[in-house]
>>> print(open('target.cif').read())   # mmCIF, C-alpha atoms
data_input
#
loop_
_atom_site.label_atom_id
_atom_site.label_comp_id
_atom_site.auth_asym_id
_atom_site.auth_seq_id
_atom_site.Cartn_x
_atom_site.Cartn_y
_atom_site.Cartn_z
CA MET R 1 6.36 39.61 27.49
CA LYS R 2 3.74 36.93 26.85
CA ARG R 3 0.16 38.21 26.72
CA ALA R 4 -2.23 37.08 29.46
CA ALA R 5 -4.61 35.41 27.01
CA ALA R 6 -3.40 33.28 24.11
CA HIS R 7 -4.36 34.61 20.68
CA VAL R 8 -6.14 32.17 18.33
CA LEU R 9 -6.97 32.66 14.65
CA VAL R 10 -10.03 30.77 13.35
CA VAL R 11 -10.39 30.32 9.57
CA ASP R 12 -13.71 28.95 8.26
CA ASP R 13 -16.05 30.06 5.48
CA GLU R 14 -19.19 28.92 7.34
CA PRO R 15 -20.42 31.70 9.69
CA ASP R 16 -22.19 29.23 12.01
CA ILE R 17 -19.02 27.17 12.49
CA ARG R 18 -16.94 30.32 13.06
CA GLU R 19 -19.41 31.46 15.72
CA LEU R 20 -19.41 28.07 17.45
CA LEU R 21 -15.62 27.89 17.51
CA GLU R 22 -15.26 31.48 18.68
CA LEU R 23 -17.76 30.98 21.51
CA THR R 24 -16.04 27.78 22.64
CA LEU R 25 -12.56 29.33 22.61
CA VAL R 26 -13.66 32.55 24.33
CA ARG R 27 -15.16 30.47 27.12
CA MET R 28 -11.70 28.92 27.53
CA GLY R 29 -10.36 32.42 28.22
CA LEU R 30 -8.73 32.86 24.82
CA ASP R 31 -8.48 35.91 22.58
CA VAL R 32 -10.07 34.94 19.23
CA ALA R 33 -9.97 36.45 15.74
CA THR R 34 -12.08 34.92 12.94
CA VAL R 35 -11.87 35.16 9.14
CA GLY R 36 -13.56 33.38 6.24
CA THR R 37 -10.82 33.08 3.60
CA ILE R 38 -7.19 32.12 3.20
CA ALA R 39 -6.37 35.61 1.91
CA GLU R 40 -7.83 37.21 5.04
CA ALA R 41 -5.95 34.71 7.22
CA LYS R 42 -2.61 35.54 5.60
CA GLU R 43 -3.26 39.25 6.14
CA LYS R 44 -4.10 38.65 9.81
CA LEU R 45 -0.93 36.61 10.26
CA ARG R 46 1.09 39.40 8.66
CA GLN R 47 -0.39 42.02 11.01
CA ASP R 48 -0.36 40.17 14.33
CA ARG R 49 1.19 37.26 16.23
CA TYR R 50 -0.92 34.22 17.02
CA ASP R 51 -0.40 31.29 19.37
CA LEU R 52 -2.62 28.92 17.37
CA CYS R 53 -4.42 28.79 14.02
CA LEU R 54 -7.51 26.64 13.52
CA THR R 55 -8.53 26.27 9.87
CA ASP R 56 -11.10 24.37 7.86
CA MET R 57 -9.76 21.99 5.22
CA ARG R 58 -11.81 23.45 2.35
CA LEU R 59 -12.37 27.19 2.00
CA SER R 60 -13.98 29.33 -0.66
CA ASP R 61 -10.63 30.57 -2.02
CA GLY R 62 -8.50 27.45 -1.64
CA GLU R 63 -7.40 24.50 0.48
CA GLY R 64 -6.61 24.68 4.18
CA LEU R 65 -3.42 22.76 3.41
CA ASP R 66 -2.18 25.82 1.52
CA LEU R 67 -2.51 27.82 4.72
CA VAL R 68 -0.76 25.07 6.70
CA ARG R 69 2.19 25.21 4.30
CA HIS R 70 2.20 29.02 4.33
CA ILE R 71 2.42 29.12 8.12
CA ALA R 72 5.07 26.38 8.17
CA GLY R 73 7.19 28.55 5.88
CA GLN R 74 6.47 32.00 7.30
CA ALA R 75 5.57 31.51 10.99
CA ALA R 76 6.78 28.02 11.92
CA GLU R 77 6.35 28.71 15.64
CA VAL R 78 2.55 28.86 15.23
CA PRO R 79 0.86 25.44 15.55
CA VAL R 80 -1.96 24.87 13.04
CA ALA R 81 -4.91 22.54 13.62
CA VAL R 82 -7.13 21.49 10.72
CA ILE R 83 -10.86 20.75 10.66
CA THR R 84 -11.51 17.85 8.27
CA ALA R 85 -14.65 16.27 6.87
CA TYR R 86 -15.94 13.45 9.06
CA GLY R 87 -14.31 10.12 8.29
CA SER R 88 -11.76 11.59 5.88
CA ALA R 89 -8.64 9.81 7.07
CA GLU R 90 -6.82 10.80 3.89
CA ASN R 91 -7.37 14.50 4.62
CA ALA R 92 -6.16 14.10 8.19
CA VAL R 93 -2.98 12.33 7.12
CA ALA R 94 -2.36 14.92 4.39
CA ALA R 95 -2.74 17.73 6.93
CA LEU R 96 -0.27 16.16 9.35
CA LYS R 97 2.27 15.54 6.58
CA ALA R 98 1.94 19.18 5.53
CA GLY R 99 2.95 20.28 9.04
CA ALA R 100 -0.33 20.55 10.95
CA PHE R 101 -0.14 20.13 14.71
CA ASP R 102 -3.30 18.02 14.81
CA TYR R 103 -6.78 17.76 13.36
CA VAL R 104 -10.42 17.59 14.47
CA SER R 105 -13.18 15.95 12.45
CA LYS R 106 -16.60 17.32 11.53
CA PRO R 107 -19.01 17.42 13.20
CA VAL R 108 -16.70 19.17 15.64
CA GLY R 109 -16.58 17.47 19.04
CA LEU R 110 -16.13 20.28 21.53
CA ASP R 111 -14.39 18.13 24.15
CA GLN R 112 -11.88 16.96 21.54
CA LEU R 113 -11.45 20.55 20.34
CA ARG R 114 -10.74 21.82 23.85
CA ALA R 115 -8.18 19.04 24.43
CA LEU R 116 -6.48 19.85 21.13
CA VAL R 117 -6.30 23.57 21.92
CA ARG R 118 -4.90 22.97 25.40
CA SER R 119 -2.21 20.68 23.97
CA ALA R 120 -1.25 23.14 21.21
CA LEU R 121 -0.99 26.07 23.60
CA SER R 122 1.23 24.11 26.00
CA LEU R 123 3.98 23.57 23.44
CA PRO R 124 7.41 24.57 24.77
CA GLU R 125 9.02 27.65 23.28
CA ARG R 126 10.77 26.92 20.00
CA THR R 127 14.57 26.88 20.24
CA GLU R 128 16.71 28.80 17.78
CA SER R 129 18.85 25.79 16.91
CA PRO R 130 17.09 22.43 17.39
CA ALA R 131 20.25 20.48 16.59
CA ARG R 132 22.04 22.20 19.48
CA ASP R 133 19.15 21.95 21.96
CA LYS R 134 20.75 20.80 25.23
CA ARG R 135 17.67 18.74 26.06
CA LEU R 136 18.41 16.63 23.01
CA THR R 137 22.22 16.63 22.82
CA GLY R 138 22.42 15.62 26.47
CA ARG R 139 20.53 12.41 25.72
CA LEU R 140 21.21 11.73 22.05
CA LEU R 141 24.96 12.15 21.68
CA GLY R 142 26.82 12.70 18.45
CA GLU R 143 27.91 15.43 16.05
CA SER R 144 27.92 13.38 12.84
CA ALA R 145 25.49 14.48 10.13
CA PRO R 146 23.02 11.56 10.62
CA LEU R 147 22.62 12.22 14.35
CA VAL R 148 22.36 15.99 13.91
CA HIS R 149 19.57 15.32 11.40
CA VAL R 150 17.82 13.01 13.88
CA ARG R 151 17.86 15.71 16.58
CA GLU R 152 16.48 18.27 14.12
CA MET R 153 13.67 15.86 13.17
CA ILE R 154 12.87 15.12 16.82
CA SER R 155 12.58 18.84 17.56
CA LYS R 156 10.13 19.25 14.65
CA LEU R 157 8.13 16.14 15.47
CA ALA R 158 7.77 17.21 19.10
CA ARG R 159 5.73 20.20 17.91
CA THR R 160 3.06 18.09 16.20
CA GLN R 161 0.62 15.37 17.17
CA ALA R 162 1.29 13.42 13.97
CA PRO R 163 1.79 9.66 14.31
CA VAL R 164 5.49 8.85 13.94
CA TYR R 165 7.06 5.64 12.67
CA ILE R 166 10.63 5.16 13.90
CA SER R 167 12.65 2.75 11.77
CA GLY R 168 16.11 1.41 12.37
CA GLU R 169 18.13 -1.66 13.28
CA SER R 170 18.01 -3.17 16.75
CA GLY R 171 20.00 -1.16 19.27
CA THR R 172 19.89 2.21 17.44
CA GLY R 173 17.92 4.01 20.16
CA LYS R 174 14.36 3.97 18.79
CA GLU R 175 12.74 4.11 22.24
CA LEU R 176 15.04 6.96 23.30
CA ALA R 177 13.96 8.93 20.21
CA ALA R 178 10.31 8.30 21.06
CA ARG R 179 10.85 9.50 24.63
CA LEU R 180 12.58 12.66 23.42
CA ILE R 181 9.69 13.44 21.05
CA HIS R 182 7.32 13.06 24.01
CA GLU R 183 9.44 14.99 26.51
CA ASN R 184 9.92 17.96 24.19
CA GLY R 185 6.28 18.22 23.11
CA ALA R 186 2.94 19.37 24.44
CA ARG R 187 2.30 16.05 26.19
CA ARG R 188 5.49 16.10 28.27
CA GLU R 189 3.58 16.37 31.59
CA LYS R 190 1.45 13.32 30.74
CA PRO R 191 2.40 9.61 30.68
CA PHE R 192 4.78 8.01 28.23
CA VAL R 193 3.75 4.35 27.99
CA PRO R 194 6.14 2.00 26.13
CA VAL R 195 4.73 -1.33 24.96
CA ASN R 196 6.71 -4.23 23.49
CA CYS R 197 4.19 -5.69 21.04
CA GLY R 198 6.28 -8.82 20.57
CA ALA R 199 6.15 -9.75 24.25
CA ILE R 200 2.34 -9.94 24.66
CA PRO R 201 0.60 -13.29 24.15
CA GLU R 202 -1.91 -13.04 21.30
CA ASN R 203 -4.88 -14.12 23.44
CA LEU R 204 -4.22 -11.27 25.90
CA MET R 205 -3.60 -8.46 23.43
CA GLU R 206 -7.08 -6.94 23.32
CA SER R 207 -7.44 -6.80 27.10
CA GLU R 208 -3.89 -5.49 27.52
CA PHE R 209 -4.37 -2.70 24.99
CA PHE R 210 -7.95 -1.67 25.78
CA GLY R 211 -8.61 -2.96 29.29
CA TYR R 212 -11.59 -5.04 30.46
CA LYS R 213 -14.71 -4.89 32.59
CA LYS R 214 -15.27 -6.98 35.66
CA GLY R 215 -16.76 -10.35 34.68
CA ALA R 216 -15.72 -10.05 31.01
CA PHE R 217 -13.97 -13.43 31.25
CA THR R 218 -12.84 -15.94 33.84
CA GLY R 219 -10.42 -14.24 36.21
CA ALA R 220 -11.64 -10.69 35.45
CA ASN R 221 -12.46 -9.92 39.08
CA GLU R 222 -12.34 -6.15 38.70
CA ASP R 223 -12.26 -3.43 36.05
CA ARG R 224 -8.83 -2.87 34.58
CA GLU R 225 -7.38 -0.12 32.40
CA GLY R 226 -5.40 -0.95 29.27
CA PHE R 227 -2.40 0.69 27.63
CA PHE R 228 -4.57 3.27 25.86
CA GLN R 229 -6.22 4.39 29.10
CA ALA R 230 -2.86 4.45 30.89
CA ALA R 231 -1.44 6.73 28.18
CA ASN R 232 -4.50 9.01 28.02
CA GLY R 233 -3.33 12.59 27.44
CA GLY R 234 0.17 11.36 26.71
CA THR R 235 2.07 9.12 24.30
CA LEU R 236 1.72 5.40 23.57
CA PHE R 237 4.95 3.94 22.14
CA LEU R 238 4.38 0.67 20.30
CA ASP R 239 7.76 -0.99 19.91
CA GLU R 240 8.08 -3.88 17.43
CA VAL R 241 4.63 -3.04 16.04
CA ALA R 242 5.28 -5.48 13.18
CA ASP R 243 4.79 -8.33 15.67
CA LEU R 244 1.08 -7.54 16.07
CA PRO R 245 -1.14 -10.26 14.56
CA LEU R 246 -3.52 -9.17 11.79
CA PRO R 247 -6.72 -9.27 13.94
CA MET R 248 -5.11 -6.93 16.47
CA GLN R 249 -3.95 -4.65 13.67
CA VAL R 250 -7.61 -4.12 12.71
CA LYS R 251 -8.55 -3.12 16.26
CA LEU R 252 -5.54 -0.82 16.56
CA LEU R 253 -6.42 0.91 13.28
CA ARG R 254 -9.94 1.65 14.52
CA ALA R 255 -8.66 2.98 17.84
CA ILE R 256 -6.26 5.34 16.08
CA GLN R 257 -8.81 6.56 13.54
CA GLU R 258 -11.77 7.03 15.89
CA LYS R 259 -9.77 8.02 18.99
CA ARG R 260 -12.06 5.75 20.94
CA VAL R 261 -11.56 2.31 22.52
CA ARG R 262 -13.88 -0.36 23.91
CA LYS R 263 -12.89 -2.36 26.97
CA VAL R 264 -13.40 -6.10 26.70
CA GLY R 265 -16.92 -6.74 28.02
CA ALA R 266 -18.01 -3.09 27.80
CA PRO R 267 -21.12 -2.08 25.82
CA GLN R 268 -19.75 1.26 24.65
CA GLU R 269 -16.57 2.90 23.41
CA ASP R 270 -14.76 5.55 25.46
CA PRO R 271 -12.80 8.50 24.03
CA VAL R 272 -9.03 8.53 24.48
CA ASP R 273 -6.52 11.27 23.72
CA VAL R 274 -3.31 9.45 22.85
CA ARG R 275 -0.44 10.19 20.50
CA ILE R 276 0.86 7.07 18.76
CA ILE R 277 4.55 6.48 18.06
CA CYS R 278 5.51 3.12 16.54
CA ALA R 279 8.82 1.43 15.89
CA THR R 280 10.24 -1.78 14.50
CA HIS R 281 13.56 -3.05 13.18
CA GLN R 282 11.72 -4.84 10.38
CA LYS R 283 10.87 -3.35 6.97
CA LEU R 284 7.17 -2.54 7.24
CA ALA R 285 6.76 -1.87 3.51
CA GLN R 286 8.05 -5.38 2.76
CA LEU R 287 5.67 -6.88 5.34
CA VAL R 288 2.77 -5.03 3.70
CA ALA R 289 3.76 -6.45 0.31
CA ALA R 290 3.93 -9.94 1.87
CA GLY R 291 0.47 -9.56 3.42
CA ARG R 292 1.79 -9.70 7.00
CA PHE R 293 0.96 -6.09 7.84
CA ARG R 294 -2.19 -4.17 6.91
CA GLN R 295 -1.65 -1.49 4.30
CA ASP R 296 -4.26 0.85 5.81
CA LEU R 297 -2.61 0.64 9.23
CA PHE R 298 0.81 1.19 7.65
CA TYR R 299 -0.34 4.44 6.03
CA ARG R 300 -2.00 5.51 9.28
CA ILE R 301 1.05 5.08 11.52
CA ASN R 302 3.64 6.03 8.91
CA VAL R 303 2.56 9.66 8.58
CA ILE R 304 6.13 10.77 9.29
CA GLU R 305 9.11 8.42 9.39
CA LEU R 306 12.14 8.98 11.60
CA ALA R 307 15.05 6.78 10.53
CA MET R 308 17.61 6.02 13.24
CA PRO R 309 21.09 5.56 11.74
CA PRO R 310 23.20 2.49 12.54
CA LEU R 311 26.33 3.15 14.57
CA ARG R 312 28.59 2.19 11.66
CA GLU R 313 27.32 5.31 9.84
CA CYS R 314 28.36 7.50 12.81
CA ARG R 315 31.90 6.22 13.38
CA ASP R 316 33.24 9.65 14.33
CA ASP R 317 30.89 9.65 17.34
CA ILE R 318 31.96 6.27 18.74
CA GLY R 319 34.56 7.83 21.06
CA LEU R 320 32.07 10.38 22.41
CA ILE R 321 29.36 7.77 22.97
CA ALA R 322 31.80 5.29 24.52
CA ALA R 323 33.06 7.93 26.99
CA ALA R 324 29.49 8.69 28.03
CA VAL R 325 28.75 4.99 28.55
CA LEU R 326 31.86 4.57 30.70
CA GLU R 327 30.90 7.61 32.78
CA ARG R 328 27.44 6.16 33.36
CA LEU R 329 28.90 2.79 34.38
CA ALA R 330 31.27 4.53 36.77
CA ALA R 331 28.41 6.48 38.31
CA HIS R 332 26.62 3.20 39.05
CA SER R 333 29.71 1.66 40.66
CA GLY R 334 30.82 4.81 42.46
CA GLY R 335 34.33 4.85 41.01
CA ALA R 336 36.23 6.93 38.50
CA PRO R 337 35.39 6.40 34.82
CA ALA R 338 37.53 3.92 32.91
CA ARG R 339 39.30 5.08 29.76
CA LEU R 340 39.90 3.47 26.40
CA THR R 341 43.47 3.26 25.19
CA PRO R 342 44.06 4.91 21.79
CA GLU R 343 44.47 1.45 20.26
CA ALA R 344 41.17 0.25 21.77
CA LEU R 345 39.36 3.33 20.49
CA GLU R 346 40.80 2.74 17.02
CA GLU R 347 39.66 -0.89 17.16
CA LEU R 348 36.11 0.19 18.03
CA GLY R 349 36.22 2.65 15.16
CA HIS R 350 36.81 -0.19 12.69
CA TYR R 351 34.14 -2.50 14.10
CA ASP R 352 30.74 -2.68 12.34
CA PHE R 353 28.53 -3.06 15.45
CA PRO R 354 25.69 -5.25 14.15
CA GLY R 355 23.96 -4.61 17.50
CA ASN R 356 24.63 -0.85 17.30
CA ILE R 357 24.72 1.27 20.47
CA ARG R 358 23.28 -1.52 22.61
CA GLU R 359 26.16 -3.75 21.50
CA LEU R 360 28.70 -0.99 22.25
CA GLU R 361 27.27 -0.71 25.77
CA ASN R 362 27.51 -4.48 26.27
CA ILE R 363 31.09 -4.58 24.94
CA LEU R 364 32.20 -1.80 27.29
CA GLU R 365 30.43 -3.27 30.31
CA ARG R 366 32.05 -6.66 29.65
CA ALA R 367 35.46 -5.06 29.07
CA LEU R 368 35.17 -3.10 32.29
CA ALA R 369 34.32 -6.26 34.21
CA LEU R 370 37.20 -8.23 32.71
CA SER R 371 39.84 -5.51 32.77
CA GLY R 372 42.11 -5.39 35.78
CA SER R 373 42.74 -1.65 35.45
CA ARG R 374 40.97 1.60 34.62
CA ASN R 375 42.45 1.51 31.12
CA ILE R 376 40.58 -0.66 28.62
CA SER R 377 42.89 -2.18 26.02
CA VAL R 378 42.21 -3.92 22.71
CA GLY R 379 42.45 -7.30 24.41
CA ASP R 380 39.69 -6.36 26.84
CA LEU R 381 37.19 -5.66 24.04
CA HIS R 382 36.98 -9.21 22.62
CA LEU R 383 35.62 -8.00 19.29
CA GLY R 384 36.55 -11.23 17.53
CA GLY R 385 38.76 -9.70 14.86
CA PRO R 386 38.42 -6.84 12.36
CA ALA R 387 35.10 -5.54 11.11
CA GLY R 388 33.40 -7.98 8.79
CA VAL R 389 35.31 -11.03 10.09
CA GLU R 390 33.01 -13.52 11.77
CA PRO R 391 34.02 -14.83 15.21
CA GLU R 392 34.18 -18.40 13.86
CA ALA R 393 37.37 -17.39 12.03
CA ALA R 394 39.05 -17.57 15.43
CA THR R 395 39.73 -20.91 17.12
CA ALA R 396 38.41 -21.81 20.54
CA GLY R 397 41.89 -22.32 21.78
CA ALA R 398 43.11 -18.83 20.92
CA GLU R 399 43.58 -16.44 23.81
CA GLY R 400 40.38 -14.46 24.50
CA ALA R 401 38.39 -16.28 21.77
CA LEU R 402 36.21 -18.51 24.00
CA PRO R 403 33.36 -15.93 24.46
CA ASP R 404 33.23 -15.37 20.70
CA TYR R 405 33.32 -19.11 20.03
CA LEU R 406 30.40 -19.72 22.40
CA ASP R 407 28.47 -16.77 20.98
CA ASN R 408 28.90 -18.23 17.50
CA ILE R 409 27.51 -21.60 18.59
CA GLU R 410 24.53 -19.88 20.19
CA ARG R 411 24.01 -17.68 17.13
CA LYS R 412 23.98 -20.69 14.80
CA ALA R 413 21.48 -22.58 16.99
CA ILE R 414 19.10 -19.62 17.08
CA VAL R 415 19.29 -18.95 13.33
CA ASP R 416 18.72 -22.67 12.61
CA ALA R 417 15.65 -22.69 14.89
CA LEU R 418 14.28 -19.55 13.25
CA SER R 419 14.79 -21.05 9.79
CA LYS R 420 13.01 -24.28 10.73
CA THR R 421 9.99 -22.37 12.09
CA GLY R 422 9.66 -19.89 9.25
CA PHE R 423 11.13 -17.17 11.50
CA ASN R 424 8.31 -17.54 14.02
CA ARG R 425 10.07 -16.47 17.21
CA THR R 426 7.48 -18.04 19.53
CA ALA R 427 7.87 -21.43 17.85
CA ALA R 428 11.66 -21.04 17.69
CA ALA R 429 11.81 -20.37 21.43
CA LYS R 430 9.86 -23.58 22.11
CA LEU R 431 12.17 -25.53 19.82
CA LEU R 432 15.20 -24.20 21.70
CA GLY R 433 13.64 -24.86 25.11
CA ILE R 434 13.78 -21.23 26.24
CA THR R 435 11.18 -18.53 26.82
CA PHE R 436 10.19 -15.94 24.21
CA ARG R 437 11.81 -13.19 26.29
CA GLN R 438 15.05 -15.16 26.56
CA LEU R 439 15.12 -15.65 22.78
CA ARG R 440 14.43 -11.97 22.15
CA TYR R 441 17.23 -10.94 24.52
CA ARG R 442 19.70 -13.33 22.89
CA MET R 443 18.78 -12.15 19.39
CA GLN R 444 19.39 -8.54 20.43
CA ARG R 445 22.67 -9.38 22.21
CA LEU R 446 24.00 -11.34 19.25
CA GLY R 447 22.77 -8.88 16.62
CA ILE R 448 20.47 -11.42 14.95
CA LYS R 449 17.93 -9.71 12.71
CA GLU R 450 14.47 -11.02 11.88
CA ASP R 451 15.52 -12.07 8.39
CA SER R 452 18.96 -13.46 9.30
CA LYS R 453 19.89 -16.46 7.16
CA THR R 454 23.48 -16.99 8.27
#
>>> encode(input="target.cif", output="structure tokens")
Amino acid sequence: MKRAAAHVLVVDDEPDIRELLELTLVRMGLDVATVGTIAEAKEKLRQDRYDLCLTDMRLSDGEGLDLVRHIAGQAAEVPVAVITAYGSAENAVAALKAGAFDYVSKPVGLDQLRALVRSALSLPERTESPARDKRLTGRLLGESAPLVHVREMISKLARTQAPVYISGESGTGKELAARLIHENGARREKPFVPVNCGAIPENLMESEFFGYKKGAFTGANEDREGFFQAANGGTLFLDEVADLPLPMQVKLLRAIQEKRVRKVGAPQEDPVDVRIICATHQKLAQLVAAGRFRQDLFYRINVIELAMPPLRECRDDIGLIAAAVLERLAAHSGGAPARLTPEALEELGHYDFPGNIRELENILERALALSGSRNISVGDLHLGGPAGVEPEAATAGAEGALPDYLDNIERKAIVDALSKTGFNRTAAAKLLGITFRQLRYRMQRLGIKEDSKT
């Protein structure tokens, strides 16, 4: 039976700080124990069960990180928050990588401390087998080793406030992973705000992210909140973060480090409590080396990386995922789910899926629309030949090859436009006479990556 008051262990070798923290936590209705050394903390943890540990980074008999690692190994269900020296971003990142739930900087801001404690104490109960957690398997299907590992990582990441960088090819489910981290963590009752960084015009970025005050610029007829304010208390998911221009990267870095933002036209900064999760299909480390992404921001958002596997590495799960997609499509139409013939399932199993799960969904939706029955055959899939064979190998006159032929023409036009503009998607869209959003959609549909040359 859970005790009425949560039990918190405070570890700090400065008596004044211990007293301040104890007084603050007691006023929150918590049961508090305080010690001054790592040795005393380990003994307390051995004797009793705690719902939260709050420890200083540097103690008289060692580093707070040692205690973080000890708890991660011996009492992983206990979240640990670390008090770091003011402005020490390196210490904060090190603490989060070691397994800390979150951190608070000196001098300790009591409002920030209270928010941290409330978040830590609202963590859902830890499941015995994260990989089998129904909340995850129901949304992220698959029993192959890569997907089981992803679910295990999501379960762990949900129990921290560490910034997460989700890498992976287009269509691998990066936003779904971010949502699952949010929904299974302490912020699950607060907003999840997804932002496509590549879809925001550069001149509007600052006002979109941070909001603006009335009269800040022409057309600002009233105060407006930005993405950070909208996500306050919850999670801000920055998809395609690599598309942010360098000046905006500087502003984002400051917002993440200081946990404060300034509206356009405002004289002061306002505190925000937001967890940052970023994603991109590009290789951030390569962009840093090329000078297109700030190294300090890269280290700040890449505290923990979650790599989403491509579908071709999870071939044994294709049948399971395809069945789920067909069930969802049937639910929308109100009919019975269609089924893949054994030959069609085998054909999918040999296909490489450059567009990953998103491409599988598109293939099945198209096949369902074109098929005259509830059984989807190989001919309904229009995969354009075996894995690794480009659609142009087929002729336009061959039966069922016209969609692939047209796709190939469109693919070549887009890649040529990207090459001519130095892979600037905004300029490429203008060259093609389409909008940025239309270009982005076509690139995703056709499986065209940022660095595609052919």
>>> resolve_selection(input="target.cif", expression="the PyMOL selection byres ((chain R and resi 20) around 12)", output="PyMOL selection string")
chain R and resi 10+12+14-19+21-27+32+34+107-110+113
>>> write_last_selection(input="target.cif", atoms="C-alpha atoms", output="compact mmCIF listing (two decimals), in the coordinates of the input")
# COMPACT_ATOMS: atom_id res chain seq x y z
CA VAL R 10 -10.03 30.77 13.35
CA ASP R 12 -13.71 28.95 8.26
CA GLU R 14 -19.19 28.92 7.34
CA PRO R 15 -20.42 31.70 9.69
CA ASP R 16 -22.19 29.23 12.01
CA ILE R 17 -19.02 27.17 12.49
CA ARG R 18 -16.94 30.32 13.06
CA GLU R 19 -19.41 31.46 15.72
CA LEU R 21 -15.62 27.89 17.51
CA GLU R 22 -15.26 31.48 18.68
CA LEU R 23 -17.76 30.98 21.51
CA THR R 24 -16.04 27.78 22.64
CA LEU R 25 -12.56 29.33 22.61
CA VAL R 26 -13.66 32.55 24.33
CA ARG R 27 -15.16 30.47 27.12
CA VAL R 32 -10.07 34.94 19.23
CA THR R 34 -12.08 34.92 12.94
CA PRO R 107 -19.01 17.42 13.20
CA VAL R 108 -16.70 19.17 15.64
CA GLY R 109 -16.58 17.47 19.04
CA LEU R 110 -16.13 20.28 21.53
CA LEU R 113 -11.45 20.55 20.34
>>> residues_around(input="target.cif", residues="Leu432 of chain R", least_positions_apart="4", cutoff="9 Å", atoms="only C-alpha atoms", output="PyMOL selection string")
chain R and resi 413-414+417+427-428+439
>>> resolve_selection(input="target.cif", expression="the PyMOL selection byres ((chain R and resi 275) around 7)", output="mmCIF file with C-alpha atoms, in the frame of the given file")
data_model
loop_
_atom_site.group_PDB
_atom_site.id
_atom_site.type_symbol
_atom_site.label_atom_id
_atom_site.label_comp_id
_atom_site.auth_asym_id
_atom_site.auth_seq_id
_atom_site.Cartn_x
_atom_site.Cartn_y
_atom_site.Cartn_z
ATOM 1 C CA GLN R 161 0.620 15.370 17.170
ATOM 2 C CA PRO R 163 1.790 9.660 14.310
ATOM 3 C CA GLY R 234 0.170 11.360 26.710
ATOM 4 C CA THR R 235 2.070 9.120 24.300
ATOM 5 C CA LEU R 236 1.720 5.400 23.570
ATOM 6 C CA ASP R 273 -6.520 11.270 23.720
ATOM 7 C CA VAL R 274 -3.310 9.450 22.850
ATOM 8 C CA ILE R 276 0.860 7.070 18.760
ATOM 9 C CA ILE R 277 4.550 6.480 18.060
#
>>> atom_distance(input="target.cif", atom1="atom CA of Glu208 of chain R", atom2="atom CA of Phe227 of chain R")
6.4 Å
>>> closest_residue(input="target.cif", among="R:Glu143, R:Glu365, R:Asp56, R:Glu206", to="Ala330 of chain R", atoms="all atoms listed in the file")
R:Glu365
>>> decode(input="target.cif", residues="segment 438-446 of chain R", atoms="N, CA, C and O atoms", output="PDB file, in the first residue's frame")
ATOM      1  N   GLN R 438       4.374  20.772 -50.578  1.00  0.00           N
ATOM      2  CA  GLN R 438       4.170  19.789 -51.642  1.00  0.00           C
ATOM      3  C   GLN R 438       5.467  19.040 -51.945  1.00  0.00           C
ATOM      4  O   GLN R 438       5.465  17.822 -52.154  1.00  0.00           O
ATOM      5  N   LEU R 439       6.589  19.758 -51.956  1.00  0.00           N
ATOM      6  CA  LEU R 439       7.879  19.108 -52.207  1.00  0.00           C
ATOM      7  C   LEU R 439       8.199  18.139 -51.080  1.00  0.00           C
ATOM      8  O   LEU R 439       8.645  17.000 -51.339  1.00  0.00           O
ATOM      9  N   ARG R 440       7.994  18.565 -49.852  1.00  0.00           N
ATOM     10  CA  ARG R 440       8.293  17.702 -48.703  1.00  0.00           C
ATOM     11  C   ARG R 440       7.455  16.416 -48.744  1.00  0.00           C
ATOM     12  O   ARG R 440       7.954  15.317 -48.522  1.00  0.00           O
ATOM     13  N   TYR R 441       6.171  16.572 -49.075  1.00  0.00           N
ATOM     14  CA  TYR R 441       5.296  15.397 -49.167  1.00  0.00           C
ATOM     15  C   TYR R 441       5.782  14.444 -50.259  1.00  0.00           C
ATOM     16  O   TYR R 441       5.858  13.223 -50.054  1.00  0.00           O
ATOM     17  N   ARG R 442       6.135  14.996 -51.425  1.00  0.00           N
ATOM     18  CA  ARG R 442       6.577  14.143 -52.525  1.00  0.00           C
ATOM     19  C   ARG R 442       7.898  13.449 -52.205  1.00  0.00           C
ATOM     20  O   ARG R 442       8.106  12.293 -52.577  1.00  0.00           O
ATOM     21  N   MET R 443       8.805  14.146 -51.534  1.00  0.00           N
ATOM     22  CA  MET R 443      10.065  13.517 -51.136  1.00  0.00           C
ATOM     23  C   MET R 443       9.821  12.347 -50.187  1.00  0.00           C
ATOM     24  O   MET R 443      10.440  11.290 -50.304  1.00  0.00           O
ATOM     25  N   GLN R 444       8.905  12.535 -49.243  1.00  0.00           N
ATOM     26  CA  GLN R 444       8.587  11.451 -48.302  1.00  0.00           C
ATOM     27  C   GLN R 444       7.918  10.288 -49.028  1.00  0.00           C
ATOM     28  O   GLN R 444       8.250   9.117 -48.797  1.00  0.00           O
ATOM     29  N   ARG R 445       6.966  10.598 -49.925  1.00  0.00           N
ATOM     30  CA  ARG R 445       6.233   9.543 -50.635  1.00  0.00           C
ATOM     31  C   ARG R 445       7.158   8.724 -51.516  1.00  0.00           C
ATOM     32  O   ARG R 445       7.003   7.500 -51.638  1.00  0.00           O
ATOM     33  N   LEU R 446       8.132   9.389 -52.138  1.00  0.00           N
ATOM     34  CA  LEU R 446       9.017   8.721 -53.080  1.00  0.00           C
ATOM     35  C   LEU R 446      10.284   8.191 -52.423  1.00  0.00           C
ATOM     36  O   LEU R 446      11.137   7.599 -53.086  1.00  0.00           O
TER      37      LEU R 446
END
